[in-house]
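K.L.:
Data file structure_14.cif (mmCIF, C-alpha atoms) is appended below.
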data_coords
loop_
_atom_site.label_atom_id
_atom_site.label_comp_id
_atom_site.auth_asym_id
_atom_site.auth_seq_id
_atom_site.Cartn_x
_atom_site.Cartn_y
_atom_site.Cartn_z
CA MET A 17 54.54 -130.26 20.96
CA ASN A 18 54.57 -129.84 17.24
CA HIS A 19 57.28 -127.76 15.67
CA ALA A 20 59.31 -127.47 12.49
CA SER A 21 62.59 -126.00 11.38
CA PHE A 22 63.27 -124.54 7.96
CA ASP A 23 66.17 -123.45 5.85
CA VAL A 24 64.71 -121.91 2.71
CA PRO A 25 65.77 -119.34 0.11
CA ALA A 26 64.85 -115.82 1.12
CA GLY A 27 62.27 -113.96 -0.92
CA ALA A 28 59.38 -115.55 -2.78
CA VAL A 29 59.93 -119.10 -1.53
CA ALA A 30 60.10 -118.07 2.11
CA HIS A 31 56.99 -115.92 1.71
CA ALA A 32 55.15 -118.79 -0.01
CA VAL A 33 56.09 -121.49 2.48
CA LEU A 34 56.52 -120.06 5.97
CA PRO A 35 53.19 -118.23 6.45
CA ARG A 36 51.31 -121.40 5.41
CA VAL A 37 53.30 -123.52 7.80
CA VAL A 38 52.78 -121.12 10.67
CA GLY A 39 49.08 -120.98 9.85
CA ALA A 40 48.91 -124.77 10.09
CA LEU A 41 50.71 -124.76 13.41
CA GLY A 42 48.39 -122.03 14.65
CA ALA A 43 45.43 -124.22 13.79
CA GLN A 44 47.02 -127.12 15.65
CA ALA A 45 47.47 -124.81 18.63
CA ASP A 46 43.72 -124.09 18.53
CA LEU A 47 44.24 -120.40 17.86
CA PRO A 48 41.13 -118.60 16.66
CA LEU A 49 41.00 -117.71 12.99
CA ASP A 50 41.78 -114.02 13.54
CA ARG A 51 44.89 -114.94 15.49
CA ILE A 52 45.96 -117.34 12.76
CA HIS A 53 45.69 -114.41 10.35
CA ASP A 54 47.78 -112.38 12.79
CA CYS A 55 50.41 -115.12 12.77
CA VAL A 56 50.56 -115.06 8.98
CA LEU A 57 50.91 -111.28 8.91
CA THR A 58 53.55 -111.41 11.62
CA VAL A 59 55.62 -113.92 9.68
CA ASP A 60 55.44 -111.73 6.58
CA ALA A 61 56.66 -108.77 8.63
CA MET A 62 59.42 -110.84 10.21
CA LEU A 63 60.58 -112.00 6.79
CA ALA A 64 60.93 -108.38 5.73
CA CYS A 65 63.61 -107.98 8.41
CA VAL A 66 65.75 -110.90 7.26
CA ASP A 67 69.17 -110.19 5.88
CA GLY A 68 70.82 -112.70 3.56
CA ASP A 69 70.08 -115.23 0.85
CA ARG A 70 68.46 -117.80 3.09
CA VAL A 71 65.97 -117.80 5.92
CA ILE A 72 66.40 -119.94 8.99
CA ALA A 73 63.10 -120.38 10.76
CA HIS A 74 61.73 -122.35 13.65
CA ALA A 75 58.05 -122.46 14.52
CA GLY A 76 56.45 -124.50 17.24
CA VAL A 77 53.29 -124.96 19.24
CA ALA A 78 53.83 -123.66 22.76
CA THR A 79 51.64 -123.88 25.84
CA ASP A 80 49.78 -120.68 25.10
CA GLY A 81 50.09 -120.36 21.38
CA ILE A 82 52.93 -120.63 18.89
CA GLU A 83 56.45 -119.41 18.94
CA ILE A 84 58.25 -118.28 15.80
CA LEU A 85 61.91 -117.59 15.31
CA ILE A 86 63.14 -116.17 12.01
CA GLY A 87 66.55 -114.98 11.01
CA PRO A 88 69.20 -114.05 10.34
CA LEU A 89 68.84 -110.34 10.91
CA SER A 90 71.46 -107.80 10.12
CA SER A 91 72.52 -105.76 13.11
CA ALA A 92 71.00 -102.75 11.37
CA HIS A 93 67.59 -104.48 11.26
CA ALA A 94 67.74 -106.11 14.68
CA ASP A 95 66.50 -103.16 16.70
CA GLY A 96 63.90 -102.11 14.15
CA ALA A 97 62.48 -105.65 14.02
CA VAL A 98 60.93 -105.26 17.45
CA SER A 99 60.52 -101.51 17.66
CA PRO A 100 56.96 -100.20 18.05
CA MET A 101 58.24 -96.72 17.25
CA ALA A 102 59.42 -97.56 13.74
CA LEU A 103 56.37 -96.20 12.00
CA GLY A 104 55.60 -98.09 8.81
CA ALA A 105 58.45 -100.53 9.43
CA PRO A 106 57.96 -104.29 9.83
CA GLY A 107 58.89 -104.10 13.49
CA ALA A 108 55.80 -102.07 14.29
CA VAL A 109 53.63 -104.84 12.81
CA VAL A 110 55.47 -107.53 14.75
CA VAL A 111 55.07 -105.68 18.03
CA ALA A 112 51.46 -104.76 17.38
CA LEU A 113 50.33 -108.30 16.56
CA SER A 114 52.40 -110.40 18.92
CA ASP A 115 52.27 -110.73 22.66
CA ARG A 116 56.01 -110.57 23.01
CA ALA A 117 58.76 -109.83 20.59
CA TRP A 118 62.45 -110.00 21.25
CA ILE A 119 65.80 -110.36 19.63
CA ASP A 120 67.36 -113.78 20.14
CA HIS A 121 71.10 -113.84 20.39
CA ARG A 122 71.47 -117.56 21.01
CA GLY A 123 72.57 -118.37 17.46
CA ALA A 124 75.52 -120.72 17.23
CA SER A 125 77.48 -118.34 15.10
CA PRO A 126 77.38 -114.56 15.17
CA ALA A 127 77.42 -114.68 11.41
CA VAL A 128 73.97 -116.27 11.42
CA GLY A 129 72.65 -113.08 13.02
CA THR A 130 69.70 -112.87 15.37
CA PHE A 131 66.17 -114.20 15.53
CA LEU A 132 62.87 -112.73 16.56
CA SER A 133 59.79 -114.36 17.93
CA ALA A 134 56.12 -113.56 18.46
CA ARG A 135 53.54 -115.18 20.69
CA ARG A 136 49.79 -115.23 21.04
CA ARG A 137 48.25 -112.24 22.77
CA MET B 4 62.90 -128.66 6.78
CA THR B 5 63.05 -130.73 9.91
CA ILE B 6 60.08 -132.05 11.85
CA PRO B 7 59.73 -134.22 14.91
CA ALA B 8 58.88 -137.89 14.34
CA ASP B 9 55.23 -137.29 14.98
CA ALA B 10 52.35 -138.00 12.61
CA ALA B 11 50.80 -134.59 13.31
CA SER B 12 53.89 -132.88 11.95
CA VAL B 13 53.34 -134.33 8.48
CA THR B 14 50.57 -131.75 8.06
CA VAL B 15 53.20 -129.06 8.27
CA VAL B 16 55.17 -130.70 5.46
CA ARG B 17 52.08 -130.81 3.27
CA GLN B 18 51.49 -127.11 3.85
CA ALA B 19 55.07 -126.29 2.96
CA VAL B 20 54.84 -128.28 -0.27
CA THR B 21 51.54 -126.63 -1.13
CA GLY B 22 53.10 -123.20 -0.69
CA LEU B 23 55.94 -124.17 -2.97
CA GLY B 24 53.55 -125.57 -5.58
CA ASP B 25 51.37 -122.46 -5.52
CA LEU B 26 54.41 -120.28 -6.01
CA ASP B 27 55.74 -122.36 -8.88
CA GLY B 28 52.37 -122.72 -10.60
CA TRP B 29 52.01 -126.48 -10.31
CA ASP B 30 49.06 -128.23 -11.87
CA PRO B 31 46.58 -129.08 -9.08
CA VAL B 32 46.64 -132.80 -9.85
CA PHE B 33 50.42 -132.84 -9.84
CA LEU B 34 50.45 -130.93 -6.56
CA ALA B 35 48.06 -133.46 -5.07
CA ASP B 36 50.27 -136.33 -6.22
CA VAL B 37 53.37 -134.74 -4.72
CA ARG B 38 51.56 -134.07 -1.46
CA VAL B 39 50.51 -137.71 -1.24
CA ALA B 40 53.97 -139.03 -2.11
CA ILE B 41 55.80 -136.79 0.37
CA SER B 42 53.21 -137.43 3.07
CA GLU B 43 53.65 -141.16 2.57
CA ALA B 44 57.42 -140.87 2.77
CA CYS B 45 57.22 -138.84 5.98
CA GLU B 46 54.64 -141.12 7.54
CA ASN B 47 56.83 -144.12 6.73
CA ALA B 48 59.76 -142.40 8.39
CA VAL B 49 57.71 -141.68 11.50
CA ALA B 50 56.06 -145.09 11.73
CA HIS B 51 58.92 -147.37 10.75
CA GLY B 52 61.98 -145.34 11.64
CA TYR B 53 60.75 -144.55 15.12
CA PRO B 54 58.45 -147.39 16.19
CA ASP B 55 56.61 -147.26 19.50
CA HIS B 56 56.56 -143.45 19.39
CA ARG B 57 60.24 -143.15 20.18
CA PRO B 58 61.51 -139.59 19.73
CA GLY B 59 63.45 -138.46 16.71
CA THR B 60 63.43 -136.18 13.74
CA VAL B 61 62.71 -136.40 10.02
CA ALA B 62 64.55 -134.14 7.59
CA ILE B 63 62.94 -133.25 4.28
CA ARG B 64 64.81 -131.58 1.47
CA VAL B 65 63.14 -130.35 -1.71
CA GLU B 66 65.20 -129.11 -4.59
CA LEU B 67 63.77 -127.55 -7.73
CA THR B 68 65.83 -127.68 -10.90
CA GLY B 69 63.89 -126.16 -13.77
CA ASP B 70 61.25 -128.71 -14.70
CA GLY B 71 62.47 -131.28 -12.21
CA MET B 72 62.19 -131.71 -8.50
CA ALA B 73 64.19 -133.91 -6.17
CA VAL B 74 62.80 -134.84 -2.78
CA ASN B 75 64.85 -136.44 -0.07
CA VAL B 76 63.40 -137.71 3.20
CA ARG B 77 65.83 -138.88 5.84
CA ASP B 78 65.42 -140.19 9.34
CA ASP B 79 67.94 -141.41 11.86
CA GLY B 80 65.67 -144.14 13.17
CA VAL B 81 66.04 -147.89 13.30
CA GLY B 82 65.80 -148.54 9.59
CA PHE B 83 63.03 -149.39 7.20
CA PRO B 84 61.92 -153.02 7.10
CA ALA B 85 62.06 -154.91 3.84
CA VAL B 86 58.82 -154.79 1.93
CA ASP B 87 58.30 -158.51 2.29
CA ALA B 88 59.59 -158.79 5.83
CA PRO B 89 57.41 -161.23 7.75
CA GLY B 90 55.58 -159.83 10.71
CA ARG B 91 56.03 -156.22 9.56
CA PRO B 92 52.73 -155.41 7.91
CA GLY B 93 51.92 -152.16 6.20
CA THR B 94 55.20 -151.65 4.44
CA GLY B 95 54.24 -152.49 0.88
CA LEU B 96 51.41 -150.26 -0.23
CA GLY B 97 53.08 -146.96 0.57
CA MET B 98 56.17 -147.84 -1.41
CA ALA B 99 54.05 -148.91 -4.35
CA LEU B 100 52.13 -145.66 -4.15
CA MET B 101 55.25 -143.53 -4.07
CA GLY B 102 56.72 -145.57 -6.90
CA THR B 103 53.65 -144.84 -8.99
CA LEU B 104 53.49 -141.13 -8.24
CA ALA B 105 57.20 -140.33 -8.56
CA ASP B 106 59.28 -140.66 -11.70
CA GLU B 107 62.08 -142.28 -9.74
CA LEU B 108 62.17 -143.74 -6.27
CA SER B 109 65.08 -145.08 -4.31
CA ILE B 110 65.60 -145.99 -0.71
CA THR B 111 68.66 -146.86 1.30
CA SER B 112 68.12 -148.27 4.73
CA PRO B 113 70.83 -150.37 6.29
CA PRO B 114 69.82 -152.35 9.38
CA GLY B 115 69.78 -149.96 12.30
CA GLY B 116 69.35 -146.98 10.02
CA PRO B 117 69.56 -144.25 8.95
CA THR B 118 66.94 -144.39 6.22
CA GLU B 119 67.08 -142.13 3.22
CA LEU B 120 64.32 -142.06 0.62
CA SER B 121 64.69 -140.12 -2.61
CA MET B 122 62.10 -139.30 -5.23
CA THR B 123 62.27 -137.27 -8.41
CA PHE B 124 59.36 -135.69 -10.23
CA HIS B 125 58.93 -133.98 -13.55
CA ILE B 126 57.02 -130.83 -12.62
CA VAL B 127 53.67 -130.35 -14.35
CA ARG B 128 52.67 -126.70 -14.28
CA SER B 129 49.17 -125.48 -14.91
CA ALA B 130 48.50 -123.97 -18.32
CA ARG B 131 47.85 -120.61 -16.68
CA ALA B 132 51.25 -120.60 -15.01
CA SER B 133 53.16 -121.58 -18.11
#
Could I get this file's structure written as structure tokens?
P.N.:
Amino acid sequence: MNHASFDVPAGAVAHAVLPRVVGALGAQADLPLDRIHDCVLTVDAMLACVDGDRVIAHAGVATDGIEILIGPLSSAHADGAVSPMALGAPGAVVVALSDRAWIDHRGASPAVGTFLSARRR
Amino acid sequence: MTIPADAASVTVVRQAVTGLGDLDGWDPVFLADVRVAISEACENAVAHGYPDHRPGTVAIRVELTGDGMAVNVRDDGVGFPAVDAPGRPGTGLGMALMGTLADELSITSPPGGPTELSMTFHIVRSARAS
């Protein structure tokens, strides 16, 4: 299964690179075009939740779509990142477009923060 | 970025570089050259570092410094064969290509690996961007 890991500066570089990469992986996963667009939008929303100077991301083709992990999140953003009730917040977009969204606490160091992921509906 | 030693993953690297080039306003021809050079470096790492489809990873680092860019491609595979090594075809053209497209090219690959390939480029931005 194809996948890639990234460590890129937060902000413009992350927004320029990661959605393209996820779009390519979505195509490799045979997602329909509208779902590839959803993936790109989801990544943009996930990036809005990141806290820090750099973005750590992992994206991979899974059995039923693609899985995306992006972090680190601040503890203040962690809940909102996957909250459908946060009207107008990035978390509402993530939840609306993905099949499943969660906060990942498996990071090696608590300082890295948490990750979130979204899958194909 | 890190990718598995799999030819299909090189597509992902090309997309990442394209995103970076779009953001930084690279000239389309320069972007195409960089895409070819980095693709070649990654494909070499996959094909020669991990022969017979053995598993592994390739790490790509891109660093922008004003008008310059440094690219480093590293694998922990078995090492890159010498260009003129007998019985190891297909190792010469890619190096020549990368050497032509990049301003500087260097490779260190002790027997048994790891292999580290470095390239530098002088960034050419499109007139519109500059």
K.L.:
My list of candidates is A:Ser114, A:Thr79, A:Thr58, A:Asn18. Which is closest to chain B when distances are computed with only C-alpha atoms?
P.N.:
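Ranked by minimum distance to chain B, first place goes to A:Asn18.
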K.L.:
Using only C-alpha atoms, which of B:Gly80, B:Gly97, B:Gly22, B:Pro7 sits nearest Pro35 (chain A)?
P.N.:
B:Gly22
K.L.:
Quick one: which chain A residues come within 9 Å of chain B, and what is the nearest atom pair for each with the distance in Å to one decimal, counting only C-alpha atoms, rows ordered by chain and ascending number, as JSON lines?
P.N.:
{"residue": "A:Met17", "atom": "CA", "partner": "B:Pro7", "partner_atom": "CA", "distance": 8.9}
{"residue": "A:Asn18", "atom": "CA", "partner": "B:Ser12", "partner_atom": "CA", "distance": 6.1}
{"residue": "A:His19", "atom": "CA", "partner": "B:Ile6", "partner_atom": "CA", "distance": 6.4}
{"residue": "A:Ala20", "atom": "CA", "partner": "B:Ile6", "partner_atom": "CA", "distance": 4.7}
{"residue": "A:Ser21", "atom": "CA", "partner": "B:Thr5", "partner_atom": "CA", "distance": 5.0}
{"residue": "A:Phe22", "atom": "CA", "partner": "B:Met4", "partner_atom": "CA", "distance": 4.3}
{"residue": "A:Asp23", "atom": "CA", "partner": "B:Met4", "partner_atom": "CA", "distance": 6.2}
{"residue": "A:Val24", "atom": "CA", "partner": "B:Met4", "partner_atom": "CA", "distance": 8.1}
{"residue": "A:Ala28", "atom": "CA", "partner": "B:Leu26", "partner_atom": "CA", "distance": 7.6}
{"residue": "A:Val29", "atom": "CA", "partner": "B:Leu23", "partner_atom": "CA", "distance": 6.6}
{"residue": "A:Ala30", "atom": "CA", "partner": "B:Leu23", "partner_atom": "CA", "distance": 9.0}
{"residue": "A:His31", "atom": "CA", "partner": "B:Gly22", "partner_atom": "CA", "distance": 8.6}
{"residue": "A:Ala32", "atom": "CA", "partner": "B:Gly22", "partner_atom": "CA", "distance": 4.9}
{"residue": "A:Val33", "atom": "CA", "partner": "B:Gly22", "partner_atom": "CA", "distance": 4.7}
{"residue": "A:Leu34", "atom": "CA", "partner": "B:Ala19", "partner_atom": "CA", "distance": 7.1}
{"residue": "A:Pro35", "atom": "CA", "partner": "B:Gly22", "partner_atom": "CA", "distance": 8.7}
{"residue": "A:Arg36", "atom": "CA", "partner": "B:Gln18", "partner_atom": "CA", "distance": 5.9}
{"residue": "A:Val37", "atom": "CA", "partner": "B:Val15", "partner_atom": "CA", "distance": 5.6}
{"residue": "A:Val38", "atom": "CA", "partner": "B:Val15", "partner_atom": "CA", "distance": 8.3}
{"residue": "A:Gly39", "atom": "CA", "partner": "B:Gln18", "partner_atom": "CA", "distance": 8.9}
{"residue": "A:Ala40", "atom": "CA", "partner": "B:Val15", "partner_atom": "CA", "distance": 6.3}
{"residue": "A:Leu41", "atom": "CA", "partner": "B:Val15", "partner_atom": "CA", "distance": 7.1}
{"residue": "A:Gln44", "atom": "CA", "partner": "B:Ala11", "partner_atom": "CA", "distance": 8.7}
K.L.:
So which residues get picked by the PyMOL selection byres ((chain A and resi 26) around 6) here, written as a PDB file with C-alpha atoms, in the coordinates of the input?
P.N.:
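That gives us expr01.pdb:
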ATOM      1  CA  PRO A  25      65.770-119.340   0.110  1.00  0.00           C
ATOM      2  CA  GLY A  27      62.270-113.960  -0.920  1.00  0.00           C
ATOM      3  CA  ALA A  30      60.100-118.070   2.110  1.00  0.00           C
ATOM      4  CA  ASP A  69      70.080-115.230   0.850  1.00  0.00           C
ATOM      5  CA  ARG A  70      68.460-117.800   3.090  1.00  0.00           C
ATOM      6  CA  VAL A  71      65.970-117.800   5.920  1.00  0.00           C
TER       7      VAL A  71
END
K.L.:
Quote the spacing between CA of Ile82 (chain A) and CA of Arg57 (chain B) in Å to one decimal place.
P.N.:
23.7 Å
K.L.:
Kindly extract all protein, DNA and RNA residues lying within 10 Å of the coordinates (64.6, -139.8, -17.5) given in the file, considering all atoms listed in the file, and supply them as number ranges by chain.
P.N.:
B: 106-107, 123-125
K.L.:
Under the rule that only C-alpha atoms are counted, which of A:Asp80, A:Gly87, A:Ile119, A:Asp46 is the nearest residue to Val66 (chain A)?
P.N.:
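Once distances to Val66 (chain A) are computed over only C-alpha atoms, the minimum belongs to A:Gly87.
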K.L.:
What does the PyMOL selection byres ((chain B and resi 49-54) around 7) select in this file, as a list of chain:residue names?
P.N.:
B:Ala8, B:Asp9, B:Ala10, B:Cys45, B:Glu46, B:Asn47, B:Ala48, B:Asp55, B:His56, B:Arg57, B:Pro58, B:Gly59, B:Asp78, B:Gly80, B:Val81, B:Gly82, B:Phe83
K.L.:
Save out the residues we just selected, C-alpha atoms, as a PDB file, keeping the file's coordinate frame.
P.N.:
ATOM      1  CA  ALA B   8      58.880-137.890  14.340  1.00  0.00           C
ATOM      2  CA  ASP B   9      55.230-137.290  14.980  1.00  0.00           C
ATOM      3  CA  ALA B  10      52.350-138.000  12.610  1.00  0.00           C
ATOM      4  CA  CYS B  45      57.220-138.840   5.980  1.00  0.00           C
ATOM      5  CA  GLU B  46      54.640-141.120   7.540  1.00  0.00           C
ATOM      6  CA  ASN B  47      56.830-144.120   6.730  1.00  0.00           C
ATOM      7  CA  ALA B  48      59.760-142.400   8.390  1.00  0.00           C
ATOM      8  CA  ASP B  55      56.610-147.260  19.500  1.00  0.00           C
ATOM      9  CA  HIS B  56      56.560-143.450  19.390  1.00  0.00           C
ATOM     10  CA  ARG B  57      60.240-143.150  20.180  1.00  0.00           C
ATOM     11  CA  PRO B  58      61.510-139.590  19.730  1.00  0.00           C
ATOM     12  CA  GLY B  59      63.450-138.460  16.710  1.00  0.00           C
ATOM     13  CA  ASP B  78      65.420-140.190   9.340  1.00  0.00           C
ATOM     14  CA  GLY B  80      65.670-144.140  13.170  1.00  0.00           C
ATOM     15  CA  VAL B  81      66.040-147.890  13.300  1.00  0.00           C
ATOM     16  CA  GLY B  82      65.800-148.540   9.590  1.00  0.00           C
ATOM     17  CA  PHE B  83      63.030-149.390   7.200  1.00  0.00           C
TER      18      PHE B  83
END
K.L.:
Determine the residue set returned by the PyMOL selection byres ((chain A and resi 52) around 9) for the present structure, and present it as a list in words.
P.N.:
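Here the PyMOL selection byres ((chain A and resi 52) around 9) matches Val38, Gly39, Ala40, Leu41, Gly42, Ala43, Leu47, Pro48, Leu49, Asp50, Arg51, His53, Asp54, Cys55, Val56 and Leu57 of chain A.
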K.L.:
CA of Ala61 (chain A) and CA of Leu67 (chain B) are how many Å apart?
P.N.:
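Going from CA of Ala61 (chain A) over to CA of Leu67 (chain B) covers 25.9 Å.
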K.L.:
Between B:Leu96, B:Val76, B:Ala130, B:Val32, which residue has the minimum interatomic distance to Ile110 (chain B), considering all atoms listed in the file?
P.N.:
B:Val76
K.L.:
Work out how far CA of Asp67 (chain A) is from CA of Asp70 (chain B), in Å to one decimal.
P.N.:
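Those two atoms sit 28.8 Å apart.
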K.L.:
Between B:Gly28, B:Gly95, B:Ile126, B:Asp79, which is the closest to Ser112 (chain B) once you count all atoms listed in the file?
P.N.:
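Selected residue with least distance to Ser112 (chain B): B:Asp79.
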